[in-house]
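Peer 1: This is protein-v9.txt (compact mmCIF, C-alpha atoms).
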# COMPACT_ATOMS: atom_id res chain seq x y z
CA MET A 1 10.79 -7.29 -95.29
CA LYS A 2 10.19 -8.76 -98.76
CA THR A 3 6.75 -7.89 -100.10
CA PRO A 4 4.44 -10.93 -99.97
CA LYS A 5 2.91 -11.87 -103.31
CA ARG A 6 -0.64 -11.10 -102.17
CA LEU A 7 0.37 -7.57 -101.13
CA GLN A 8 2.19 -6.71 -104.36
CA PRO A 9 -0.98 -5.39 -106.11
CA LEU A 10 -1.43 -2.82 -103.30
CA VAL A 11 2.19 -1.72 -103.70
CA ASP A 12 1.77 -1.51 -107.48
CA ASP A 13 -1.38 0.62 -107.08
CA GLY A 14 0.32 2.97 -104.61
CA LEU A 15 -1.94 2.01 -101.69
CA VAL A 16 1.01 0.60 -99.75
CA ASP A 17 4.54 2.01 -99.79
CA GLU A 18 6.29 -0.63 -97.71
CA VAL A 19 5.54 -3.86 -95.87
CA LEU A 20 7.14 -3.52 -92.42
CA SER A 21 6.41 -6.83 -90.71
CA ARG A 22 4.02 -9.73 -90.26
CA LEU A 23 1.74 -9.01 -87.33
CA MET A 24 -0.03 -12.33 -86.96
CA SER A 25 -1.30 -15.42 -88.76
CA GLY A 26 -4.85 -16.46 -87.91
CA LYS A 27 -7.39 -19.07 -88.88
CA GLU A 28 -8.83 -17.02 -91.74
CA ALA A 29 -6.16 -14.44 -92.57
CA ASP A 30 -2.59 -13.21 -92.23
CA VAL A 31 -2.10 -9.63 -91.02
CA PHE A 32 0.86 -7.40 -91.95
CA VAL A 33 1.99 -3.99 -90.70
CA VAL A 34 2.43 -1.66 -93.67
CA ARG A 35 3.43 1.94 -94.31
CA CYS A 36 1.08 4.10 -96.33
CA GLY A 37 2.69 7.50 -96.80
CA ASP A 38 3.20 8.91 -93.31
CA GLU A 39 0.79 6.46 -91.67
CA VAL A 40 1.32 2.92 -90.42
CA ARG A 41 -1.67 0.66 -91.08
CA CYS A 42 -2.36 -3.03 -91.28
CA ALA A 43 -3.20 -5.21 -94.26
CA LYS A 44 -5.38 -8.27 -93.67
CA VAL A 45 -4.74 -10.93 -96.31
CA TYR A 46 -7.62 -13.40 -96.40
CA LYS A 47 -6.72 -17.03 -96.86
CA GLU A 48 -8.40 -19.07 -99.55
CA ALA A 49 -11.15 -21.48 -98.48
CA MET A 50 -8.91 -24.56 -98.59
CA GLN A 51 -6.40 -22.89 -96.26
CA ARG A 52 -8.86 -21.54 -93.71
CA SER A 53 -9.37 -23.44 -90.49
CA PHE A 54 -12.46 -21.52 -89.36
CA LYS A 55 -14.87 -24.18 -88.12
CA LYS A 56 -18.52 -24.37 -89.15
CA ALA A 57 -18.26 -21.45 -91.59
CA ALA A 58 -21.59 -22.42 -93.18
CA GLN A 59 -23.40 -21.69 -89.91
CA TYR A 60 -22.10 -18.14 -89.93
CA GLN A 61 -22.90 -17.50 -93.59
CA GLU A 62 -26.50 -18.70 -93.30
CA GLY A 63 -28.89 -15.92 -94.25
CA ARG A 64 -26.36 -13.68 -96.00
CA LYS A 65 -28.10 -12.13 -98.94
CA VAL A 66 -26.67 -11.90 -102.46
CA ARG A 67 -28.52 -9.36 -104.60
CA ASN A 68 -27.32 -10.70 -107.95
CA SER A 69 -29.53 -13.71 -108.76
CA ARG A 70 -26.94 -15.27 -111.10
CA ARG A 71 -24.30 -15.16 -108.37
CA ALA A 72 -26.76 -16.58 -105.84
CA ARG A 73 -27.67 -19.53 -108.12
CA ALA A 74 -24.01 -20.25 -108.84
CA MET A 75 -23.19 -20.22 -105.13
CA GLU A 76 -26.02 -22.66 -104.42
CA LYS A 77 -24.81 -25.03 -107.14
CA GLY A 78 -21.20 -24.89 -105.94
CA SER A 79 -19.77 -24.27 -109.40
CA LYS A 80 -16.28 -22.84 -109.84
CA PHE A 81 -17.80 -19.40 -110.47
CA GLY A 82 -20.04 -19.92 -107.44
CA ARG A 83 -17.11 -20.78 -105.20
CA GLU A 84 -15.29 -17.67 -106.40
CA GLN A 85 -18.34 -15.57 -105.59
CA GLN A 86 -18.65 -17.22 -102.17
CA GLU A 87 -15.08 -16.16 -101.43
CA LYS A 88 -15.85 -12.57 -102.42
CA VAL A 89 -18.91 -12.56 -100.18
CA TRP A 90 -16.83 -13.94 -97.25
CA GLN A 91 -14.13 -11.31 -97.75
CA SER A 92 -16.46 -8.36 -98.26
CA ALA A 93 -18.54 -9.31 -95.21
CA GLU A 94 -15.93 -7.89 -92.83
CA VAL A 95 -15.70 -4.58 -94.71
CA ASP A 96 -19.48 -4.23 -94.66
CA ALA A 97 -19.67 -5.16 -90.97
CA LEU A 98 -16.91 -2.75 -89.95
CA ARG A 99 -18.58 0.14 -91.72
CA ARG A 100 -22.04 -0.64 -90.35
CA LEU A 101 -20.73 -0.97 -86.81
CA ALA A 102 -18.70 2.23 -86.99
CA ASP A 103 -21.88 4.03 -88.07
CA ALA A 104 -23.69 2.40 -85.13
CA GLY A 105 -21.19 3.75 -82.59
CA VAL A 106 -19.20 0.56 -82.02
CA ARG A 107 -15.43 0.96 -81.73
CA VAL A 108 -13.87 -1.00 -84.60
CA PRO A 109 -10.82 -0.33 -86.80
CA ARG A 110 -11.30 2.16 -89.63
CA THR A 111 -11.19 0.67 -93.12
CA TYR A 112 -9.31 2.14 -96.09
CA GLY A 113 -10.32 -0.21 -98.88
CA MET A 114 -10.23 -3.76 -100.20
CA LEU A 115 -8.19 -4.99 -103.17
CA GLU A 116 -7.57 -8.53 -104.42
CA GLY A 117 -8.68 -10.13 -101.17
CA VAL A 118 -6.67 -7.76 -98.97
CA LEU A 119 -8.33 -5.41 -96.49
CA LEU A 120 -6.38 -2.26 -95.65
CA MET A 121 -7.36 -0.85 -92.26
CA GLU A 122 -6.33 1.05 -89.17
CA LEU A 123 -3.59 -0.34 -86.97
CA VAL A 124 -4.86 -0.05 -83.40
CA THR A 125 -1.99 1.05 -81.13
CA ASP A 126 -1.37 1.78 -77.47
CA GLU A 127 -0.25 5.09 -75.95
CA ASN A 128 3.34 4.36 -76.99
CA GLY A 129 2.48 3.72 -80.63
CA ASP A 130 3.01 -0.02 -80.32
CA VAL A 131 0.42 -2.54 -81.48
CA ALA A 132 -2.40 -2.58 -78.92
CA PRO A 133 -2.62 -5.75 -76.78
CA ARG A 134 -5.48 -8.19 -77.01
CA LEU A 135 -7.94 -8.16 -74.13
CA GLY A 136 -6.64 -11.55 -72.99
CA GLU A 137 -3.24 -9.97 -72.36
CA VAL A 138 -4.59 -7.16 -70.20
CA VAL A 139 -4.74 -7.20 -66.39
CA MET A 140 -7.10 -4.74 -64.72
CA ASP A 141 -8.64 -3.91 -61.37
CA ALA A 142 -12.28 -4.68 -60.53
CA GLU A 143 -13.51 -1.15 -61.25
CA GLN A 144 -11.94 -1.13 -64.72
CA ALA A 145 -13.35 -4.60 -65.42
CA ARG A 146 -16.87 -3.50 -64.51
CA GLU A 147 -16.56 -0.36 -66.63
CA ASP A 148 -15.21 -2.18 -69.69
CA HIS A 149 -17.74 -4.98 -69.33
CA ARG A 150 -20.59 -2.46 -69.36
CA LEU A 151 -19.07 -0.91 -72.47
CA MET A 152 -18.74 -4.24 -74.25
CA ILE A 153 -22.36 -5.11 -73.46
CA ARG A 154 -23.33 -1.73 -74.87
CA TYR A 155 -21.37 -2.48 -78.05
CA ILE A 156 -23.06 -5.88 -78.38
CA VAL A 157 -26.45 -4.17 -78.08
CA ARG A 158 -25.50 -1.61 -80.74
CA MET A 159 -24.30 -4.39 -83.01
CA LEU A 160 -27.60 -6.22 -82.65
CA CYS A 161 -29.54 -3.01 -83.27
CA ALA A 162 -27.53 -2.75 -86.52
CA GLY A 163 -28.65 -6.29 -87.38
CA LEU A 164 -25.35 -8.02 -86.64
CA ILE A 165 -23.86 -10.46 -84.15
CA HIS A 166 -20.09 -10.87 -83.97
CA GLY A 167 -20.38 -14.64 -83.60
CA ASP A 168 -16.80 -15.23 -82.43
CA LEU A 169 -16.36 -12.58 -79.76
CA SER A 170 -13.84 -13.37 -77.04
CA GLU A 171 -10.80 -11.90 -75.31
CA PHE A 172 -8.83 -12.83 -78.44
CA ASN A 173 -10.96 -10.65 -80.75
CA VAL A 174 -10.83 -7.44 -78.73
CA LEU A 175 -7.91 -5.02 -78.65
CA VAL A 176 -7.41 -2.50 -75.87
CA ASP A 177 -5.93 0.94 -76.57
CA GLU A 178 -5.77 3.97 -74.28
CA ASP A 179 -9.47 4.70 -74.91
CA GLY A 180 -10.69 1.19 -74.17
CA PRO A 181 -11.84 -1.92 -76.06
CA VAL A 182 -11.83 -2.14 -79.88
CA ILE A 183 -13.66 -5.06 -81.52
CA ILE A 184 -11.86 -6.83 -84.39
CA ASP A 185 -12.18 -9.91 -86.64
CA LEU A 186 -15.62 -9.76 -88.22
CA PRO A 187 -15.61 -11.84 -91.45
CA GLN A 188 -18.00 -14.30 -89.78
CA ALA A 189 -20.44 -11.59 -88.57
CA VAL A 190 -23.95 -13.06 -88.39
CA ASP A 191 -27.15 -11.64 -89.84
CA ALA A 192 -29.26 -11.60 -86.68
CA ALA A 193 -32.62 -11.72 -88.44
CA ALA A 194 -31.82 -14.43 -91.00
CA ASN A 195 -29.58 -16.90 -89.19
CA ASN A 196 -31.12 -19.75 -87.19
CA ASN A 197 -28.06 -19.83 -84.93
CA ALA A 198 -28.24 -16.13 -84.08
CA ARG A 199 -29.48 -16.48 -80.52
CA ALA A 200 -26.92 -19.12 -79.58
CA MET A 201 -24.11 -17.03 -81.06
CA LEU A 202 -25.25 -13.89 -79.25
CA GLU A 203 -25.36 -15.82 -75.98
CA ARG A 204 -21.86 -17.14 -76.55
CA ASP A 205 -20.50 -13.66 -77.31
CA VAL A 206 -22.10 -12.15 -74.22
CA ASN A 207 -21.08 -15.01 -71.96
CA ASN A 208 -17.49 -14.98 -73.23
CA MET A 209 -17.26 -11.36 -72.16
CA ARG A 210 -18.85 -12.19 -68.80
CA ARG A 211 -16.40 -15.03 -68.24
CA TYR A 212 -13.32 -12.94 -68.94
CA TYR A 213 -14.23 -9.78 -67.06
CA SER A 214 -15.43 -11.80 -64.06
CA LEU A 215 -11.83 -12.93 -63.57
CA PHE A 216 -11.23 -9.41 -62.25
CA ALA A 217 -14.73 -8.56 -60.94
CA PRO A 218 -16.19 -11.91 -59.74
CA GLU A 219 -19.71 -10.53 -59.25
CA LEU A 220 -20.07 -10.21 -63.03
CA ALA A 221 -20.31 -14.00 -63.20
CA GLU A 222 -23.83 -13.67 -61.76
CA THR A 223 -25.10 -11.45 -64.58
CA ASN A 224 -27.28 -12.72 -67.43
CA TYR A 225 -27.40 -10.07 -70.11
CA ALA A 226 -27.72 -12.50 -73.01
CA LYS A 227 -31.30 -13.59 -72.36
CA GLU A 228 -32.38 -10.05 -71.50
CA ILE A 229 -30.90 -8.63 -74.72
CA TRP A 230 -32.39 -11.34 -76.92
CA ASP A 231 -35.83 -11.08 -75.33
CA LEU A 232 -35.86 -7.33 -75.96
CA TYR A 233 -34.68 -7.88 -79.54
CA GLU A 234 -37.37 -10.48 -80.25
CA GLY A 235 -39.99 -8.20 -78.73
CA GLY A 236 -38.93 -5.26 -80.90
CA GLU A 237 -37.97 -3.25 -77.81
CA LEU A 238 -34.19 -3.23 -78.17
CA HIS A 239 -32.56 0.12 -78.95
CA PRO A 240 -29.00 1.49 -78.54
CA HIS A 241 -29.77 3.31 -75.30
CA VAL A 242 -31.89 0.63 -73.61
CA GLU A 243 -31.37 0.24 -69.86
CA LEU A 244 -30.36 -3.30 -68.94
CA SER A 245 -30.46 -4.96 -65.53
CA GLY A 246 -28.39 -8.06 -66.26
CA ASP A 247 -30.52 -10.16 -63.92
CA ALA A 248 -32.85 -11.96 -66.33
CA GLU A 249 -33.77 -15.47 -65.23
CA GLU A 250 -32.03 -18.37 -66.95
CA ASP A 251 -34.17 -20.65 -69.09
CA SER A 252 -34.06 -23.90 -67.12
CA HIS A 253 -36.10 -25.85 -69.68
CA GLU A 254 -34.06 -28.68 -71.14
CA ALA A 255 -34.70 -29.76 -74.71
CA ASP A 256 -36.34 -33.16 -75.15
CA VAL A 257 -33.71 -35.06 -77.14
CA ASP A 258 -36.27 -37.55 -78.52
CA ASP A 259 -38.45 -34.71 -79.80
CA VAL A 260 -35.48 -33.00 -81.44
CA LEU A 261 -34.37 -36.24 -83.14
CA ALA A 262 -37.93 -36.85 -84.32
CA GLU A 263 -38.07 -33.40 -85.87
CA ILE A 264 -34.74 -33.94 -87.63
CA LYS A 265 -35.92 -37.32 -88.97
CA ALA A 266 -39.19 -35.80 -90.19
CA ALA A 267 -37.35 -32.95 -91.93
CA PHE A 268 -34.98 -35.43 -93.57
CA GLU A 269 -37.86 -37.61 -94.82
CA GLU A 270 -39.67 -34.54 -96.13
CA GLU A 271 -36.54 -33.44 -98.03
CA GLU A 272 -36.08 -36.93 -99.52
CA ALA A 273 -39.72 -36.95 -100.62
CA ARG A 274 -39.27 -33.53 -102.22
CA LYS A 275 -36.22 -34.76 -104.17
CA ARG A 276 -38.17 -37.79 -105.40
CA ARG A 277 -41.01 -35.55 -106.58
CA MET A 278 -38.59 -33.27 -108.40
CA SER A 279 -36.85 -36.26 -110.02
CA ALA A 280 -40.16 -37.72 -111.14
CA SER A 281 -41.21 -34.35 -112.56
CA GLU A 282 -37.97 -34.05 -114.54
CA HIS A 283 -38.44 -37.52 -116.06
CA THR A 284 -42.03 -36.65 -116.97
CA ASP A 285 -40.87 -33.49 -118.72
Show this structure as structure tokens.
Peer 2:
Amino acid sequence: MKTPKRLQPLVDDGLVDEVLSRLMSGKEADVFVVRCGDEVRCAKVYKEAMQRSFKKAAQYQEGRKVRNSRRARAMEKGSKFGREQQEKVWQSAEVDALRRLADAGVRVPRTYGMLEGVLLMELVTDENGDVAPRLGEVVMDAEQAREDHRLMIRYIVRMLCAGLIHGDLSEFNVLVDEDGPVIIDLPQAVDAAANNNARAMLERDVNNMRRYYSLFAPELAETNYAKEIWDLYEGGELHPHVELSGDAEEDSHEADVDDVLAEIKAAFEEEEARKRRMSASEHTD
């Protein structure tokens, strides 16, 4: 096929010899199958912010650290330079996450480099060399479902021990090759220690896996690994080889809506008061 404009720099630099086909178009990127010498890999072309349809991106980026203070200030102000830096942080987040998780023993695609907003990485294939199916396309017996569910829970634990939460884990973000599940799509990976939404996102990831695998092994619907994992994490007792029971009790306490609204109102009033103080200080100066 004709080389897409965004992939031309990789061809010019000799990283890609030929673009074979478009694999998929997603909410944050387009993925192409490419030939690199004797190997077939995939190239993930990240869409620009205005083209992405990933909802609530700010929630996922909360807590991501930027070491360069100038870049951090620019990103906070939302200047043109800041927006450019924010894009680089979004794009590099997946590379960083993939490398950290591979080191932690989580099965993810191997990475081969990033250039001009394009991530070159391993193409996960099945036993016939074809592109591996997504988990949602796989039918399995109950024994296989139980085995793969245990493995996915183990991967989630290892991710959390590495300080990360996938944040968008579902049967659409897991590939299945002859050796089992491979986790993909990590540009929105959450910093577990710095993001206020971390617990909710972990619970959603875990429960998405429970929901899918219980289609084939119904007893898995009764498990509750999310609360158990988070409690161990908060208590500093979570480690990659921890033994889990999956039978933690659900938190039946319902939030008091009036209390929550009161807290939001108080925080808003406090922020408005802070802005007035800052404005008054600037006029005084």
Peer 1: Would you mind telling me which residue in A:Ile184, A:Val40, A:Ala192, A:Val95 lies nearest to Pro109 of chain A when using only C-alpha atoms?
Peer 2: A:Ile184
Peer 1: Between A:Asp148, A:Asp168, A:Asp179, A:Glu234, single out the one closest to Ala217 of chain A, counting all atoms listed in the file.
Peer 2: A:Asp148
Peer 1: Return as a Markdown table the residues of segment 139-235 of chain A lying at most 10 Å from segment 98-102 of chain A, together with the closest atom-to-atom pair for each and the distance in Å to one decimal, counting all atoms listed in the file, with rows in chain order and ascending residue number.
Peer 2:
| residue | atom | partner | partner_atom | distance |
| --- | --- | --- | --- | --- |
| A:Tyr155 | CA | A:Leu101 | CA | 8.9 |
| A:Arg158 | CA | A:Leu101 | CA | 7.7 |
| A:Met159 | CA | A:Leu101 | CA | 6.2 |
| A:Leu160 | CA | A:Leu101 | CA | 9.6 |
| A:Cys161 | CA | A:Leu101 | CA | 9.7 |
| A:Ala162 | CA | A:Arg100 | CA | 7.0 |
| A:Gly163 | CA | A:Arg100 | CA | 9.2 |
| A:Leu164 | CA | A:Leu101 | CA | 8.4 |
| A:Ile183 | CA | A:Leu98 | CA | 9.3 |
| A:Ile184 | CA | A:Leu98 | CA | 8.5 |
| A:Asp185 | CA | A:Leu98 | CA | 9.2 |
| A:Leu186 | CA | A:Leu98 | CA | 7.3 |
| A:Pro187 | CA | A:Leu98 | CA | 9.3 |
| A:Ala189 | CA | A:Leu98 | CA | 9.6 |
Peer 1: Got time to write the residues from that selection, C-alpha atoms, as a compact mmCIF listing (two decimals), in the coordinates of the input?
Peer 2:
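Okay, this is what ended up in result.txt:
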# COMPACT_ATOMS: atom_id res chain seq x y z
CA TYR A 155 -21.37 -2.48 -78.05
CA ARG A 158 -25.50 -1.61 -80.74
CA MET A 159 -24.30 -4.39 -83.01
CA LEU A 160 -27.60 -6.22 -82.65
CA CYS A 161 -29.54 -3.01 -83.27
CA ALA A 162 -27.53 -2.75 -86.52
CA GLY A 163 -28.65 -6.29 -87.38
CA LEU A 164 -25.35 -8.02 -86.64
CA ILE A 183 -13.66 -5.06 -81.52
CA ILE A 184 -11.86 -6.83 -84.39
CA ASP A 185 -12.18 -9.91 -86.64
CA LEU A 186 -15.62 -9.76 -88.22
CA PRO A 187 -15.61 -11.84 -91.45
CA ALA A 189 -20.44 -11.59 -88.57
Peer 1: Can you measure atom CA of Glu28 of chain A to atom CA of Val45 of chain A for me? One decimal in Å is fine.
Peer 2: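 Computing the Euclidean distance for atom CA of Glu28 of chain A and atom CA of Val45 of chain A yields 8.6 Å.
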Peer 1: Please provide as a PDB file with C-alpha atoms, keeping the file's coordinate frame all residues within 12 Å of Glu143 of chain A, with the sequence filter that same-chain residues fewer than 5 positions apart are discarded (counting all atoms listed in the file).
Peer 2:
ATOM      1  CA  ASP A 148     -15.210  -2.180 -69.690  1.00  0.00           C
ATOM      2  CA  HIS A 149     -17.740  -4.980 -69.330  1.00  0.00           C
ATOM      3  CA  ARG A 150     -20.590  -2.460 -69.360  1.00  0.00           C
ATOM      4  CA  TYR A 213     -14.230  -9.780 -67.060  1.00  0.00           C
ATOM      5  CA  SER A 214     -15.430 -11.800 -64.060  1.00  0.00           C
ATOM      6  CA  PHE A 216     -11.230  -9.410 -62.250  1.00  0.00           C
ATOM      7  CA  ALA A 217     -14.730  -8.560 -60.940  1.00  0.00           C
ATOM      8  CA  PRO A 218     -16.190 -11.910 -59.740  1.00  0.00           C
ATOM      9  CA  GLU A 219     -19.710 -10.530 -59.250  1.00  0.00           C
ATOM     10  CA  LEU A 220     -20.070 -10.210 -63.030  1.00  0.00           C
TER      11      LEU A 220
END
Peer 1: For a test of reading the model, state the distance in Å between atom CA of Leu151 of chain A and atom CA of Pro240 of chain A, rounded to one decimal.
Peer 2: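 It comes out at 11.9 Å.
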Peer 1: Which one of A:Leu135, A:Leu215, A:Val157, A:Val182 sits closest to Tyr233 of chain A if you count all atoms listed in the file?
Peer 2: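 The closest residue to Tyr233 of chain A is A:Val157.
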Peer 1: In Å to one decimal, how far is atom CA of Glu94 of chain A from atom CA of Asn197 of chain A?
Peer 2: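 Interatomic distance here is 18.8 Å.
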Peer 1: Given only C-alpha atoms as the basis, pick out the residue of A:Gly246, A:Val124, A:His241, A:Ala132 nearest to Gly105 of chain A.
Peer 2: A:His241
Peer 1: Just checking: using only C-alpha atoms, which residue out of A:Gly236, A:Cys42, A:Arg154, A:Lys227 ends up closest to Ala193 of chain A?
Peer 2: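 Looking only at the distances to Ala193 of chain A, the closest residue turns out to be A:Gly236.
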Peer 1: Kindly extract all protein, DNA and RNA residues lying within 12 Å of the coordinates (-11.9, -11.7, -97.4) given in the file, considering all atoms listed in the file, and supply them as a ChimeraX atom specification.
Peer 2: /A:28-31,43-49,52,84-96,113-120,185-188
Peer 1: Which polymer residues have any atom within 12 Å of an atom of Gly129 of chain A, counting only C-alpha atoms, with same-chain residues fewer than 3 positions away left out, as a PyMOL selection string?
Peer 2: chain A and resi 39-41+123-126+132-133+177-178
Peer 1: Of the residues A:Val139, A:Met209, A:Val131, A:Val11, which is the one nearest to Ser170 of chain A, using all atoms listed in the file?
Peer 2: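 For Ser170 of chain A, the nearest of the candidates is A:Met209.
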